[in-house]
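The structure under discussion appears below in the form of structure tokens.
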Amino acid sequence: MSDLRQAKNPHAVPGLYRRALIDAFWKLNPRTLVHNPVMFTVEIGSVITTLLWLRALTGQSEEPAGFIGAISAWLWFTVLFANFAEALAEGRGKAQAEALRRMRQDTIAKRLDNRYAIQKGKSPEPTDYQNVSSSTLRKGDLFYVQADDTIPVDGEVIEGIASVNESAITGESAPVIRESGGDRSAVTGGTVILSDWLIVRVSANPGEGFLDHMISLVEGAKRQKTPNEIALSLLLIGITAIFVVVSATLWAFSQYSVQTAAGIGTVISVTVLISLFVCLAPTTIGGLLSAIGIAGMDRLIQRNVITTSGRAIEAAGDVDILLLDKTGTITLGNRQAVELIPVDGTDIMNLAETAQLASLADETPEGRSIVVLAKEKYGLRGRSVGGTETAPEMQFIPFSSHTRMSGVDQGDVRIRKGAADVMFATILAHGGTISDQLKGEVDRIARAGGTPLVVTRDEQALGVVYLKDIVKGGIRERFAQLRKMGIKTVMITGDNRLTAATIAAEAGVDDFLAEATPESKLKLIREYQSGGRMVAMTGDGTNDAPALAQADVAVAMNTGTQPAREAANMVDLDSNPTKLLEIVEIGKQLLMTRGALTTFSIANDIAKYFAIIPVAFASTYPSLGVLNILQLQHGILSAVIFNAVIIVALIPLALHGVKYRPMSADDAFRNNIVIYGIGGVIAPFIGIKIIDMLLIFMCG
Amino acid sequence: MTTETLRSMIRKQVKPALVIFFLITLLTGIFYPVLITGIAQLVFPSQANGSLIVHDGAIAGSALIGQPFTSPAYFWGRPSATTPFPDNAGSSTGSNLGPTNPALADAVKARVTALHAADPTNTRPIPVDLVTASASGLDPDISVAAAYYQVPRVARERNMSEQVIDALVAQQIVHRQFGIFGEPRVNVLSLNLAIDDLSAGRITVTPFASTFTPAPEYTTLFFGIPIMDWVQLILFAVVIAALIIPVGGFMVKVYTGERTFLSPVLEPIERWLLTTSGVSADEEMDWKMFAVATMIFSLIGITFVFILQEVQQFLPLNPAAIGSVSWDLSLNTAISFATNTNWQAYAGETGVSYLTQMVGLAVQNFMSAAVGMAVLIAFIYGFSRRSGTTIGNFWVLLVRSVMILLPISFIIALVLVSQGTVQTFGGPVTVPLLNPVNDSSGNLVTTQTIPLGPAASQIAIKHLGTNGGGFFNANSAHPLENPTPFSNFVEMLAIVLIGIALCFTFGKMIGSVRKGIAILIAMTLIFVPLLGLAIWSELGGNPAFTPLGINQSSIYSQPSGNMEGKEVRFGPVQSAFFSVVTTVTSCGAVNSMHDSFMPLGGFVQMVDIQLGEVVYGGVGSGLYCMLVFVIIAMFIAGLMVGRTPELYGKKIEPYEMKLSTIHIIIPIFLILIGTAIAVLIDPGKAAVFNPGPHGFSEILYAFSSVSQNNGSAFAGLSANSLFYNISTAIAMFIGRYVIIVITLALAGAFVVKKIVPEGEGTLRDHRPLFIIWLVFVIVVVVALSFAPALALGPIVEHLNIVAGGLIHV
């Protein structure tokens, strides 16, 4: 199931351009186009010039029929090019939607009877369920899935444990574990059970599931304009309205000039007025605006992030606080043992041997890292430890979050390792004492941001294991970039303040929240928000849900619990906490592309005046000819053609977004003004002149 | 408060509106002018009463009002366009002839011929001021060069030696005021009285040893501008810069209720106004309530001024027995003054009584300015307050605005009186003409009627409040309204003072002075090039005059350039300067006739207005309109840096964008559509005075002026007609009040928002790049909206001159 991956390369989609071309014509339907007022007015202009052309063919017109015909054709092209851009952007989304939809096909679901009583660890009998179509499942229903079944709809595991192939959604081929309780209880419709079984409670009605959201979003069917897009549309409508009035009143001014002021010449023709209007109207940005929005969504999906609202992408661009979980985002998922420190005169080899022994049965990454350290640094191989394998009475004590210690009982010898405070308590309870050296080492490690584990034999402290958080490579530079962009990073951790401060300093985050609880997270977010900040966070656990719901941009890991995914407004299918950084960049890029093209579009108008005004009034005021600084012969037609062609030329920019590099707002502003502002003033002078020369070459 | 219905809001605000209106009328319409008149009559009795010259024990005329001289034995003054005879002081006006109007060339040619006929042997080039009509028609002065030019003729007619007359002229030269201001000049009446004395042997002068050769004083040009004009421009900049912080800071204190050095005087007045009207100073209003209060107050003003003009003939203080005003003109004037436009379709001397001027028009000067300032402060609260719902109390802000305007007006009024601006309740004075003339119907005219009135008190606020409605028809070109170069300097300062200082006030109130200064810099970046273009255009003179043997270049003691419609005491540079100052702000006072500016000078004036009066701007309105441009500029800029745009920490969202866009669009629509209707219909076209593209400019200027509430005009347009009175009244009303309501709605939308703290991700709005961007956005919006219209008006008029082979400069 690699459909989605394939769909992510638009060039691999057959017939994408052909379909976009056909759609471009369908979108000429005024009822569709009216949603884009700028292009709708251009279409009206096209209709009028076409009618004028038809009339001109019968010999009644102010301008040559050829001229009107050419203008009219290029006005139609202007609309078609804009439609094409939109259709192309939608086409890429549609291809993805198709792939997704194939996964959503009706499957058989084993719906459990209402009266079915769940028994722990026991799978239901075939009599307990009946096969129904997945589309009949309703929220709250229970269903049963076993190996090779496709999970029919989204839900939450309430019993069982199973490995699931989620590659259809995430593209990751490695199976993931789904089990009841905890943070790995959510399953997604369309994914496949590889082994074991699950009982799942349906979390959404058909059509409201996760895939459905995704499909409707990528298709653009449910795409709602985002706030900034609406605001920009309003500005563009305003500018368009100004140019409608400018062009319409110009007819009156021309009339006065011809009849009263100068007494010679002809009044400006409707064709020229419409040409002027279309050239001035912000068609470049107006034509590409929706394509930019769709393409932004598309870029997000290509990075395996699903959003439930376009609003969230824009909000991502505004984020100025990132709340990042320490574990997995800032540090590698697990702490590693880096040093063994003997105390109270214990021999280092003795400590290493004991620590390894205590960790043999500890399957946690930390435990394994102690075994590895003992092996690599002290040459102790697991099986060679004291030849004690022969002792049949060896009893392993697994780690539990309750006792926060683990170890092994070798006959009467009790070997333990665990968190310092717990171990201290145990030692004291057995009448032992805590030496100053031990205390000192424990404090030193804690101060350095590490986690000290105390190793004991028969409640006698032998030494300390130094567990260290490993900060991810390159993360510091990433945070520095974010800081330059004005985004503050805040590390969230359950560690104590001391540990948190050290890691925060090492990772280069701006602030941290230590000993975080769901309440303190929520409080922190609210504080930032009431100070006017926009907060983004990632989360996966149920206890993250309140904070996720409160955050402006909330990214849930796909492996997270259903409550977390529901509280978030984005879901990262890769469950990669650093994805948040990319989401912010996509959000910013989206806005920047709109701003840049708006600037470009308006800056373009200056040249167009120089192309059109002198020609339009040549018969009344020949002295205005000096304003024809480009010495154009086909000024009006050249400007109209340039206006249409520039839309096509900018489609790649609209779809890929303007180049984005992390930098301060002031720097980004300067760069974009230089490229799109100054460039926007100059480019049309060159472009119109070239088109004029081509027209002269072709038509004489 | 938000759930209140419109009706209940209106009911709540009517009483304070009526009481405050009445009290402010009392304060600014009666108490203030009476106080100024009292002081003026006591301290400056001569200046306050028309600066009459007593010669041989009898009144011989006014030192400030020119008289017509046609006898070759007298020095002639500036040509005058008044009717029915030249220098008719009762009816000041310029010729309003456009620079390319053939009638202007003909008139100048006739004057050249007359000068040559009276003195055929004199082949020297004629100083331009001697053949071009003055702005007021009452210019008392001629340039020193123009006086010397006439010496041979007068000497011959009087049988005296040229050396004697040269010496007399030299004695009569009025030097630059304080060595800095204005142009050296000669008062024609004073010179002619002296020459009569000389002929009669009442005085003697020591003749010059030889025929006078002028020193090349004027030839020092720096970047094409006479060095002394540079001095005045720079001095202006220095003085205004020095005033920004004291005045801006004073306003902050008054608005926030802090103590100032004037508190002992102002606070009791403020308390009296508010308690009498039953307003509690700490009762805040949401934007709707604020808008209702603003509108009720303004409508009361319009109604009052309208009725006052209709019944002025029954009321006191009408020494000239002026009758009632036609309803459409009256409505136009009422709206014009209430909207701070001060478009004048009436003539001050002959159309309205002293009472109407004082308690109607002068009061509106205070009130309309105060309304603009109150709305601005409410708008500032929209940004400065965090998550609020209210934007201040209209009545409190209104009264405090008056408390700011009143003391500054007081000072300005007295300075003006000291310079010769009249301030009296006495009626017009009739003075004899030294050289009686025939009027246009051939009757001999032997006297001149000098109009008087409580002018200085009104003119002070006319400038300070960027109102611009003159006491006299010729406005600030009138010698009794703007008597000296120094009064001119003060009037210009007064025009920009509040607008510039409000930038500081704004910065201080939103907690970042540099943000206010950034806006001031943006304004100045627009102002300076436009000023440069206007000065360059006027200094270049009119190429049509060059073949007629007229000297327009910078030589000794002669203001060079286009002098048609300008006064000698100001000269072209200070006239161009004034015209730019008055058009970028929404003032509209004029010290020269804009209709007679060269095409590019007129172009600058029109563009200034079309920019939306955002450069320094009308008091209050300039800055709030500027801030809307800042919103638009910041929106696009914000997108370009990849973040929901925010201004002063407040996010700009669709609703704010909708309001801002409409805010920008309205005046553009009013100007273009108004002009289009006028050029299509006969009543619109019939009013045009100058032919060709200049006539189109007159209409375009008119609708620009009214829609943006400027009030100045290409005054050749006969605007007192039913069509223009009604259409411009509508444009003024929408251009002011719809904009104010939108501004308040914006304030209401912003005030509820949180303030996002500034960071690296925030686009800094005080940085040079943003300032340049803001200027770019403003200029592009205006250029794109008006380029075609301007191309068919001033631009083509200019290009026609260029194409006509009459190369400019």
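Letters A, B, ... go to the chains of the structure tokens in the order shown; residues in each chain start at 1; ligands are counted from 1 in the same order.
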Check: which chain A residues lie within 6 Å of chain B using only C-alpha atoms, as a ChimeraX atom specification: /A:230-231,234-235,238,249,252,256,261-262,317-318,485-486,532-533,588-589,591-592,595-596,623,664-666,668-669
Who sits within 8 Å of B:Ala576, only C-alpha atoms, same chain under 4 positions skipped, as number ranges by chain: B: 531, 534-535, 538, 572, 580, 601
Atom CA of A:Thr329 to atom CA of A:Leu194, straight-line distance in Å: 28.8 Å
Neighbour list for B:Leu233 as a PyMOL selection string, cut-off 12 Å, only C-alpha atoms, skip fewer than 2 positions in-chain: chain B and resi 180-182+225-231+235-240+489+492-493+528+531-532+535+573-578+581
All strand (DSSP E) residues (DSSP, backbone) inside stretch 189-419 of chain B, as a list in words: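 Output for stretch 189-419 of chain B, strand (DSSP E) only: Leu221, Phe222, Ile225 and Pro226 of chain B.
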Shell of 10 Å around B:Phe69, only C-alpha atoms, local chain residues under 3 positions omitted, as a list in words: Gly66, Pro72, Ala73, Tyr74, Phe75, Trp76, Gly77, Arg78, Pro79, Pro86, Asp87, Val188, Leu189, Asn192, Leu433, Leu434, Asn435, Pro436 and Val437 of chain B
Those in stretch 529-588 of chain B with alpha helix (DSSP H) from DSSP, as a list in words: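 DSSP on the backbone gives alpha helix (DSSP H) at Pro529, Leu530, Leu531, Gly532, Leu533, Ala534, Ile535, Trp536, Ser537, Glu538, Leu539, Gly571, Pro572, Val573, Gln574, Ser575, Ala576, Phe577, Phe578, Ser579, Val580, Val581, Thr582, Thr583 and Val584 of chain B.
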Gap from atom CA of B:Pro268 to atom CA of B:Ile461 - Å, one decimal: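 Straight-line distance from atom CA of B:Pro268 to atom CA of B:Ile461 works out to 21.9 Å.
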Could you pull the residues within 9 Å of B:Pro152, counting only C-alpha atoms, minus those fewer than 5 positions along the same chain, as a PDB file with N, CA and C atoms, in the first residue's frame?
ATOM      1  N   ASP B 119       5.605 104.983 -21.596  1.00  0.00           N
ATOM      2  CA  ASP B 119       7.026 105.310 -21.520  1.00  0.00           C
ATOM      3  C   ASP B 119       7.759 104.617 -22.666  1.00  0.00           C
ATOM      4  N   THR B 121      10.281 105.132 -24.381  1.00  0.00           N
ATOM      5  CA  THR B 121      11.742 105.030 -24.466  1.00  0.00           C
ATOM      6  C   THR B 121      12.304 103.942 -23.580  1.00  0.00           C
ATOM      7  N   ASN B 122      11.491 103.467 -22.671  1.00  0.00           N
ATOM      8  CA  ASN B 122      11.990 102.453 -21.729  1.00  0.00           C
ATOM      9  C   ASN B 122      11.921 101.065 -22.361  1.00  0.00           C
ATOM     10  N   GLU B 157       7.149 112.664 -16.129  1.00  0.00           N
ATOM     11  CA  GLU B 157       5.829 113.246 -15.917  1.00  0.00           C
ATOM     12  C   GLU B 157       5.870 114.334 -14.843  1.00  0.00           C
ATOM     13  N   SER B 161      14.339 114.823 -11.680  1.00  0.00           N
ATOM     14  CA  SER B 161      15.445 114.005 -12.175  1.00  0.00           C
ATOM     15  C   SER B 161      15.250 112.569 -11.697  1.00  0.00           C
ATOM     16  N   GLU B 162      15.739 111.648 -12.512  1.00  0.00           N
ATOM     17  CA  GLU B 162      15.616 110.230 -12.142  1.00  0.00           C
ATOM     18  C   GLU B 162      16.366 109.937 -10.857  1.00  0.00           C
ATOM     19  N   ILE B 165      14.169 110.599  -7.893  1.00  0.00           N
ATOM     20  CA  ILE B 165      13.140 109.571  -7.706  1.00  0.00           C
ATOM     21  C   ILE B 165      13.784 108.262  -7.258  1.00  0.00           C
TER      22      ILE B 165
END
For B:Gly588, the nearest of the candidates B:Lys12, B:Lys462, B:Arg569, B:Arg259, counting only C-alpha atoms: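 Ranked by minimum distance to B:Gly588, first place goes to B:Lys462.
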Pairwise distance for atom CA of B:Thr260 and atom CA of B:Phe21, rounded to one decimal in Å: 25.2 Å
Selection: 6 Å around stretch 293-302 of chain A, only C-alpha atoms, excl. self and same-chain fewer than 2 positions, as a list in words: Lys8, Ala89, Ser290, Ala291, Asn304, Val305, Ile306, Leu590 and Leu655 of chain A
A:Ala162, A:Ile673, A:Ile613, A:Ala95 ranked by distance to A:Thr598, top pick (using only C-alpha atoms):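 Once distances to A:Thr598 are computed over only C-alpha atoms, the minimum belongs to A:Ile673.
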Polymer residues at most 8 Å from B:Ala135, only C-alpha atoms, same-chain spacing of 3 or more positions, as an NGL selection string: :B and (93-95 or 138-139 or 474 or 477-478 or 564-567 or 591-593)
